[in-house]
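Shown next: data-v1.txt, given as compact mmCIF, C-alpha atoms.
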```txt
# COMPACT_ATOMS: atom_id res chain seq x y z
CA MET A 1 -0.26 13.25 17.86
CA GLY A 2 -2.21 13.91 14.70
CA GLU A 3 -5.15 12.21 13.04
CA VAL A 4 -4.50 8.48 12.58
CA VAL A 5 -6.48 6.68 9.89
CA ARG A 6 -6.68 3.02 8.93
CA ILE A 7 -7.10 2.76 5.15
CA LYS A 8 -8.37 -0.28 3.28
CA THR A 9 -6.87 -0.52 -0.23
CA ASP A 10 -8.75 -1.87 -3.22
CA ASP A 11 -7.07 -5.26 -2.76
CA GLY A 12 -8.01 -5.41 0.91
CA VAL A 13 -4.71 -4.43 2.57
CA THR A 14 -4.83 -2.09 5.58
CA LEU A 15 -2.48 0.89 5.67
CA VAL A 16 -1.98 3.05 8.76
CA ALA A 17 -1.44 6.75 8.09
CA GLU A 18 -1.23 9.91 10.17
CA SER A 19 -1.88 13.56 9.36
CA THR A 20 -0.37 16.39 11.41
CA GLY A 21 -0.77 20.12 10.96
CA SER A 22 -2.76 22.12 8.42
CA GLY A 23 -2.15 23.91 5.15
CA PRO A 24 -0.99 22.59 1.77
CA ALA A 25 -0.66 18.80 2.01
CA ILE A 26 2.70 17.01 1.87
CA LEU A 27 2.70 13.22 1.56
CA PHE A 28 5.92 11.58 2.76
CA LEU A 29 7.05 8.26 1.23
CA HIS A 30 9.74 6.31 3.06
CA GLU A 31 12.64 4.16 1.86
CA PHE A 32 13.03 0.35 1.94
CA ALA A 33 15.07 0.37 5.16
CA GLY A 34 12.95 3.04 6.82
CA ASP A 35 9.38 3.74 7.82
CA ALA A 36 7.19 6.69 8.74
CA ARG A 37 9.28 7.35 11.84
CA ASP A 38 12.15 8.55 9.63
CA TRP A 39 10.23 11.78 8.99
CA ALA A 40 9.74 12.60 12.68
CA PRO A 41 12.61 15.15 12.89
CA LEU A 42 10.98 17.24 10.16
CA LEU A 43 7.39 17.32 11.38
CA PRO A 44 7.54 19.77 14.33
CA GLU A 45 8.62 22.57 12.00
CA LEU A 46 6.83 21.61 8.78
CA SER A 47 3.48 20.89 10.45
CA ARG A 48 3.29 24.53 11.52
CA GLU A 49 2.78 25.49 7.88
CA PHE A 50 1.74 22.33 6.06
CA ARG A 51 -0.48 19.30 6.49
CA CYS A 52 2.09 16.50 6.84
CA ILE A 53 0.88 12.99 6.01
CA THR A 54 3.02 9.96 6.78
CA TYR A 55 2.31 6.25 6.49
CA ASN A 56 4.02 2.89 6.52
CA ALA A 57 3.93 1.12 3.17
CA ARG A 58 2.36 -2.33 2.95
CA GLY A 59 4.70 -4.83 4.52
CA TYR A 60 5.70 -2.38 7.27
CA PRO A 61 3.77 -2.75 10.55
CA PRO A 62 1.48 -1.32 11.79
CA SER A 63 0.36 -1.40 8.14
CA GLU A 64 -0.63 -4.90 7.05
CA VAL A 65 1.96 -7.42 5.83
CA PRO A 66 0.63 -9.52 2.91
CA GLU A 67 2.35 -12.90 2.82
CA SER A 68 2.44 -13.23 -0.98
CA VAL A 69 5.08 -11.48 -3.08
CA ALA A 70 2.34 -10.99 -5.70
CA ALA A 71 0.78 -8.36 -3.42
CA TYR A 72 3.85 -6.11 -3.78
CA SER A 73 4.83 -4.09 -6.85
CA GLN A 74 5.70 -0.60 -8.02
CA ASP A 75 2.19 -0.26 -9.45
CA ARG A 76 0.69 -1.28 -6.14
CA ALA A 77 2.88 1.23 -4.27
CA VAL A 78 1.50 3.98 -6.51
CA THR A 79 -2.14 3.00 -5.98
CA ASP A 80 -1.50 2.76 -2.24
CA ALA A 81 -0.20 6.34 -2.22
CA VAL A 82 -3.31 7.49 -4.05
CA ALA A 83 -5.44 5.65 -1.48
CA VAL A 84 -3.73 7.61 1.29
CA LEU A 85 -4.36 10.91 -0.50
CA ASP A 86 -8.00 9.92 -0.96
CA ALA A 87 -8.40 8.95 2.68
CA PHE A 88 -7.41 12.45 3.76
CA ASP A 89 -9.43 14.15 0.99
CA VAL A 90 -6.28 15.55 -0.64
CA GLY A 91 -7.04 16.23 -4.27
CA ARG A 92 -3.54 17.37 -5.16
CA GLY A 93 -0.58 17.05 -2.83
CA HIS A 94 3.15 17.64 -2.67
CA LEU A 95 5.20 14.43 -2.50
CA VAL A 96 8.45 14.00 -0.56
CA GLY A 97 10.05 10.64 -1.26
CA HIS A 98 13.19 8.91 -0.09
CA SER A 99 14.82 6.19 -2.23
CA MET A 100 12.06 3.59 -2.74
CA GLY A 101 9.57 6.32 -1.89
CA SER A 102 11.11 8.61 -4.51
CA TYR A 103 10.41 6.03 -7.22
CA THR A 104 6.79 5.87 -6.08
CA ALA A 105 6.51 9.66 -6.09
CA LEU A 106 7.93 9.89 -9.62
CA HIS A 107 5.64 7.17 -10.96
CA LEU A 108 2.63 8.85 -9.38
CA ALA A 109 3.58 12.20 -10.91
CA MET A 110 4.03 10.63 -14.34
CA ARG A 111 0.75 8.70 -14.23
CA ARG A 112 -1.50 11.06 -12.28
CA PRO A 113 -0.16 14.60 -12.63
CA ASP A 114 -3.58 15.87 -11.58
CA ARG A 115 -2.92 14.51 -8.08
CA VAL A 116 0.65 15.80 -7.66
CA ALA A 117 1.60 19.44 -7.05
CA SER A 118 5.33 18.73 -6.79
CA VAL A 119 7.90 16.01 -6.10
CA LEU A 120 10.98 16.21 -3.91
CA ALA A 121 12.98 13.04 -4.64
CA THR A 122 15.92 12.28 -2.37
CA GLY A 123 18.33 9.35 -2.50
CA CYS A 124 16.86 8.13 -5.78
CA GLY A 125 18.73 5.78 -8.11
CA TRP A 126 19.76 2.60 -6.31
CA GLY A 127 19.72 -0.32 -8.72
CA SER A 128 19.36 1.84 -11.83
CA ASP A 129 22.65 1.04 -13.55
CA PRO A 130 21.49 -0.53 -16.85
CA ASN A 131 24.82 -2.36 -17.15
CA ALA A 132 24.33 -4.11 -13.81
CA ARG A 133 20.67 -5.09 -14.04
CA ALA A 134 21.26 -8.83 -13.64
CA GLU A 135 23.58 -8.27 -10.69
CA THR A 136 21.02 -5.98 -9.03
CA ILE A 137 18.23 -8.53 -9.38
CA ALA A 138 20.49 -11.23 -7.93
CA LEU A 139 21.43 -8.92 -5.04
CA CYS A 140 17.76 -8.26 -4.33
CA GLY A 141 17.26 -12.01 -4.00
CA GLU A 142 20.17 -12.28 -1.58
CA ILE A 143 18.88 -9.39 0.52
CA ALA A 144 15.39 -10.88 0.65
CA ARG A 145 16.82 -14.21 1.76
CA MET A 146 18.87 -12.49 4.46
CA PHE A 147 15.81 -10.75 5.90
CA ARG A 148 13.82 -14.01 5.85
CA GLU A 149 16.50 -16.21 7.40
CA ALA A 150 18.85 -14.13 9.56
CA PRO A 151 17.98 -12.88 13.06
CA PRO A 152 16.38 -9.41 12.71
CA ALA A 153 19.23 -7.60 14.47
CA VAL A 154 21.80 -9.29 12.22
CA ALA A 155 19.90 -8.57 9.02
CA ALA A 156 19.42 -4.93 10.02
CA ARG A 157 23.09 -4.48 10.95
CA ASN A 158 24.28 -6.10 7.72
CA TYR A 159 21.94 -4.08 5.50
CA ALA A 160 22.80 -0.81 7.23
CA ALA A 161 26.53 -1.41 6.71
CA ALA A 162 26.36 -0.26 3.07
CA PRO A 163 28.87 2.48 2.11
CA MET A 164 26.00 4.85 1.25
CA ARG A 165 25.21 5.01 5.00
CA ARG A 166 28.77 5.46 6.31
CA ALA A 167 28.48 9.25 6.59
CA PHE A 168 25.43 8.86 8.84
CA ARG A 169 27.22 6.30 11.03
CA ALA A 170 30.33 8.49 11.34
CA ARG A 171 28.63 11.79 12.06
CA ASN A 172 25.76 10.66 14.27
CA PRO A 173 26.48 7.28 15.90
CA LYS A 174 23.42 7.44 18.15
CA GLY A 175 21.07 8.44 15.33
CA PHE A 176 22.51 5.66 13.19
CA ALA A 177 22.07 3.12 16.01
CA ASP A 178 18.45 4.21 16.42
CA PHE A 179 17.90 3.78 12.67
CA VAL A 180 19.34 0.24 12.77
CA ALA A 181 17.17 -0.59 15.79
CA ARG A 182 14.04 0.55 13.93
CA LEU A 183 15.05 -1.53 10.91
CA ALA A 184 15.39 -4.60 13.15
CA GLN A 185 11.75 -4.11 14.19
CA HIS A 186 10.48 -4.49 10.62
CA SER A 187 8.65 -7.57 9.42
CA ALA A 188 10.99 -10.16 7.89
CA ILE A 189 8.25 -11.23 5.46
CA GLY A 190 7.41 -7.63 4.59
CA SER A 191 11.03 -6.70 3.97
CA ALA A 192 11.69 -9.77 1.83
CA ASN A 193 8.51 -9.35 -0.21
CA THR A 194 9.13 -5.65 -0.73
CA MET A 195 12.64 -6.37 -1.98
CA LEU A 196 11.41 -9.05 -4.40
CA GLY A 197 8.15 -7.45 -5.50
CA VAL A 198 9.10 -3.79 -5.66
CA GLN A 199 12.85 -3.26 -5.67
CA ALA A 200 13.79 -6.13 -8.00
CA ARG A 201 10.98 -5.57 -10.51
CA ARG A 202 10.52 -1.83 -10.79
CA PRO A 203 11.63 -0.04 -13.97
CA ILE A 204 15.06 1.56 -13.76
CA LEU A 205 15.43 5.30 -14.27
CA SER A 206 16.78 5.03 -17.81
CA ASP A 207 13.69 3.02 -18.77
CA MET A 208 11.55 5.77 -17.27
CA ALA A 209 13.36 8.51 -19.23
CA PRO A 210 10.74 9.00 -22.00
CA ASP A 211 8.00 9.54 -19.42
CA LEU A 212 10.25 11.68 -17.24
CA ALA A 213 10.99 13.90 -20.24
CA ARG A 214 7.26 14.60 -20.55
CA MET A 215 6.73 15.20 -16.83
CA THR A 216 6.18 18.91 -16.16
CA THR A 217 5.54 18.55 -12.42
CA PRO A 218 8.00 20.66 -10.37
CA LEU A 219 10.80 18.34 -9.26
CA LEU A 220 13.60 18.94 -6.77
CA VAL A 221 16.20 16.16 -6.72
CA VAL A 222 18.27 15.97 -3.51
CA VAL A 223 21.31 13.71 -3.13
CA GLY A 224 24.19 13.42 -0.69
CA ASP A 225 27.67 13.66 -2.15
CA ASP A 226 28.56 10.37 -0.40
CA ASP A 227 25.51 8.54 -1.80
CA GLU A 228 27.40 6.97 -4.70
CA PRO A 229 24.69 4.48 -5.86
CA CYS A 230 22.22 7.34 -6.27
CA PHE A 231 24.46 10.02 -7.76
CA GLU A 232 24.18 9.10 -11.44
CA GLY A 233 20.46 8.53 -11.11
CA SER A 234 20.02 11.96 -9.57
CA LEU A 235 21.93 13.53 -12.46
CA LEU A 236 19.75 11.62 -14.93
CA LEU A 237 16.62 13.01 -13.30
CA ARG A 238 17.95 16.57 -13.47
CA ARG A 239 18.98 16.19 -17.10
CA THR A 240 15.74 14.52 -18.17
CA ALA A 241 12.81 16.06 -16.30
CA PRO A 242 12.18 19.50 -17.82
CA ASN A 243 10.99 21.26 -14.65
CA SER A 244 13.66 19.97 -12.28
CA ALA A 245 16.59 21.17 -10.19
CA LEU A 246 19.35 19.33 -8.33
CA MET A 247 20.57 19.92 -4.79
CA VAL A 248 23.77 18.16 -3.66
CA VAL A 249 24.30 17.99 0.09
CA PRO A 250 28.01 17.92 1.07
CA ARG A 251 29.40 15.33 3.50
CA CYS A 252 26.12 13.44 3.46
CA GLY A 253 25.04 9.95 2.45
CA HIS A 254 21.73 8.24 1.80
CA GLN A 255 19.85 9.37 4.92
CA ILE A 256 19.62 13.11 4.31
CA ALA A 257 16.44 13.65 6.36
CA LEU A 258 18.12 11.97 9.35
CA GLU A 259 21.68 13.16 8.76
CA GLU A 260 20.80 16.81 8.09
CA PRO A 261 17.23 17.29 9.37
CA ASP A 262 17.43 21.08 9.69
CA LEU A 263 18.86 21.53 6.21
CA PHE A 264 16.34 19.10 4.74
CA THR A 265 13.45 20.80 6.53
CA ARG A 266 14.48 24.13 5.01
CA ALA A 267 14.75 22.53 1.56
CA VAL A 268 11.26 21.04 1.77
CA ARG A 269 9.74 24.24 3.14
CA GLY A 270 11.38 26.46 0.53
CA PHE A 271 10.51 24.17 -2.36
CA VAL A 272 6.84 23.78 -1.41
CA ARG A 273 6.53 27.50 -0.72
CA ASP A 274 7.96 28.31 -4.16
CA VAL A 275 5.62 25.89 -5.91
CA GLU A 276 2.58 27.16 -3.98
CA ALA A 277 3.47 30.76 -4.84
CA GLY A 278 4.07 29.99 -8.52
CA ARG A 279 7.75 30.85 -8.21
CA TRP A 280 9.16 27.46 -9.27
CA THR A 281 10.75 27.82 -12.68
CA THR A 282 13.82 26.09 -14.07
CA PRO A 283 15.52 27.51 -17.17
CA ARG A 284 15.97 25.07 -20.02
```
Once you've parsed the file, please lay out its structure as structure tokens.
Amino acid sequence: MGEVVRIKTDDGVTLVAESTGSGPAILFLHEFAGDARDWAPLLPELSREFRCITYNARGYPPSEVPESVAAYSQDRAVTDAVAVLDAFDVGRGHLVGHSMGSYTALHLAMRRPDRVASVLATGCGWGSDPNARAETIALCGEIARMFREAPPAVAARNYAAAPMRRAFRARNPKGFADFVARLAQHSAIGSANTMLGVQARRPILSDMAPDLARMTTPLLVVVGDDDEPCFEGSLLLRRTAPNSALMVVPRCGHQIALEEPDLFTRAVRGFVRDVEAGRWTTPR
């Protein structure tokens, strides 16, 4: 077990974070359906070379669960990530994000490039079809209602049944069952408020394009070839961010870190090593 820290944000919300290992710092940012435990398969290897920092976002116990939707937003997710970096005295860290966490990593890199050495964004793009914005917002409302009203096990099972997770379920039934069980342990209020405050209201990738085009932070975009909702968004990131590259993982869905932990560990290690050594260049 590493160093566990309880962090008080500037709006009074407590976040629980843990640091393991030493070396260049990597901050891991989890997805909506996940939490800090999703990164566990990567840490034994990566913590030998890097300082690995994980935390549960607000709304995800043991971090605090504000009861008001107003306490949740993309802006707040960014300032929370900065608070975690500050708590561990990390001036400039590498960010590894998954889905919701990838959006936070990108926004942090665009707004505070002085704090971000690199971004690895995986499974990024859900809800970013500009032609389906109204449908996405309505779906977010339905999902939030499901998490508030349905029994936790039912809500978790229904949410995890999305096609983007079918590869995980087929290839690793036990790992998938463990993932669903962890999801069922989440706070109903936290899940609903995160869906309404963050997922439904955040800018979509095409709206972020002008800022992404100016972002020079090294960016590695990773997507599974069976992660259909995130495929176009991943291509947009590669085409727009000038210092980016794209890695497509075959026979893989939305949960790359859990579906292919060894492959993903190698990708993170190689990317951060290249950035640290000044070897990360992408021809444009």
Return as a Markdown table the residues of stretch 29-123 of chain A lying at most 12 Å from stretch 238-250 of chain A, together with the closest atom-to-atom pair for each and the distance in Å to one decimal, counting all atoms listed in the file, with rows in chain order and ascending residue number.
```
| residue | atom | partner | partner_atom | distance |
| --- | --- | --- | --- | --- |
| A:Leu106 | CA | A:Ala241 | CA | 10.3 |
| A:Ala109 | CA | A:Ala241 | CA | 11.4 |
| A:Met110 | CA | A:Ala241 | CA | 10.5 |
| A:Ser118 | CA | A:Asn243 | CA | 10.0 |
| A:Val119 | CA | A:Ser244 | CA | 9.3 |
| A:Leu120 | CA | A:Ser244 | CA | 9.6 |
| A:Ala121 | CA | A:Leu246 | CA | 9.7 |
| A:Thr122 | CA | A:Met247 | CA | 9.3 |
| A:Gly123 | CA | A:Val248 | CA | 10.4 |
```
Selected residues written out, C-alpha atoms, as a compact mmCIF listing (two decimals), in the coordinates of the input:
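Resulting contents of again.txt:
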```txt
# COMPACT_ATOMS: atom_id res chain seq x y z
CA LEU A 106 7.93 9.89 -9.62
CA ALA A 109 3.58 12.20 -10.91
CA MET A 110 4.03 10.63 -14.34
CA SER A 118 5.33 18.73 -6.79
CA VAL A 119 7.90 16.01 -6.10
CA LEU A 120 10.98 16.21 -3.91
CA ALA A 121 12.98 13.04 -4.64
CA THR A 122 15.92 12.28 -2.37
CA GLY A 123 18.33 9.35 -2.50
```
Contact residues around A:Glu259 with only C-alpha atoms at 9 Å, ignoring same-chain residues under 5 positions, as a PyMOL selection string
chain A and resi 167-168+171-172+175-176+252-254+264
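For the pair atom CA of A:Ala138 and atom CA of A:Leu196, the interatomic distance is 10.0 Å.
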Tell me which protein, DNA and RNA residues are within 10 Å of A:Tyr72, counting all atoms listed in the file, leaving out same-chain ones fewer than 4 positions away, and put them as a list in words.
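The residues satisfying every condition are Arg58, Gly59, Val65, Pro66, Glu67, Ser68, Arg76, Ala77, Gly190, Asn193, Thr194, Met195, Leu196, Gly197, Val198, Gln199 and Arg201 of chain A.
Across the model, the gap from atom CA of A:Asp80 to atom CA of A:Asp129 is 26.7 Å.
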Please determine, counting only C-alpha atoms, which residue among A:Ala213, A:Ala83, A:Ile204, A:Ala36 has the shortest atom-to-atom distance to A:Ile137.
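Of A:Ala213, A:Ala83, A:Ile204, A:Ala36, the one nearest A:Ile137 is A:Ile204, counting only C-alpha atoms.
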Atom CA of A:Gly224 and atom CA of A:Ala40 are how many Å apart?
19.7 Å
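Distance annotation: of A:Phe32, A:Tyr60, A:Phe231, A:Phe271, the residue with the minimal separation from A:Gly101 is A:Phe32; atom set is all atoms listed in the file.
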Which residue of A:Ile189, A:Ala144, A:Ala177, A:Ala160 approaches A:Pro61 most closely, using all atoms listed in the file
A:Ile189
Name all residues at most 12 Å from A:Pro203 (count only C-alpha atoms; drop same-chain ones fewer than 4 positions away) and give them as a list of chain:residue names.
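The neighbour list is A:Ser73, A:Gln74, A:Asp75, A:Met100, A:Tyr103, A:Thr104, A:Leu106, A:His107, A:Gly125, A:Trp126, A:Gly127, A:Ser128, A:Asp129, A:Pro130, A:Arg133, A:Ile137, A:Gly197, A:Val198, A:Gln199, A:Asp207, A:Met208, A:Ala209, A:Asp211.
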Counting all atoms listed in the file, which residue out of A:Val272, A:Ala170, A:Ile7, A:Leu258 sits closest to A:Val96?
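Looking at the shortest contact to A:Val96, the residue is A:Val272.
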Applying 9 Å and all atoms listed in the file, which residues near A:Arg51 remain after dropping the ones on its own chain fewer than 6 positions away? List them as number ranges by chain.
A: 19-27
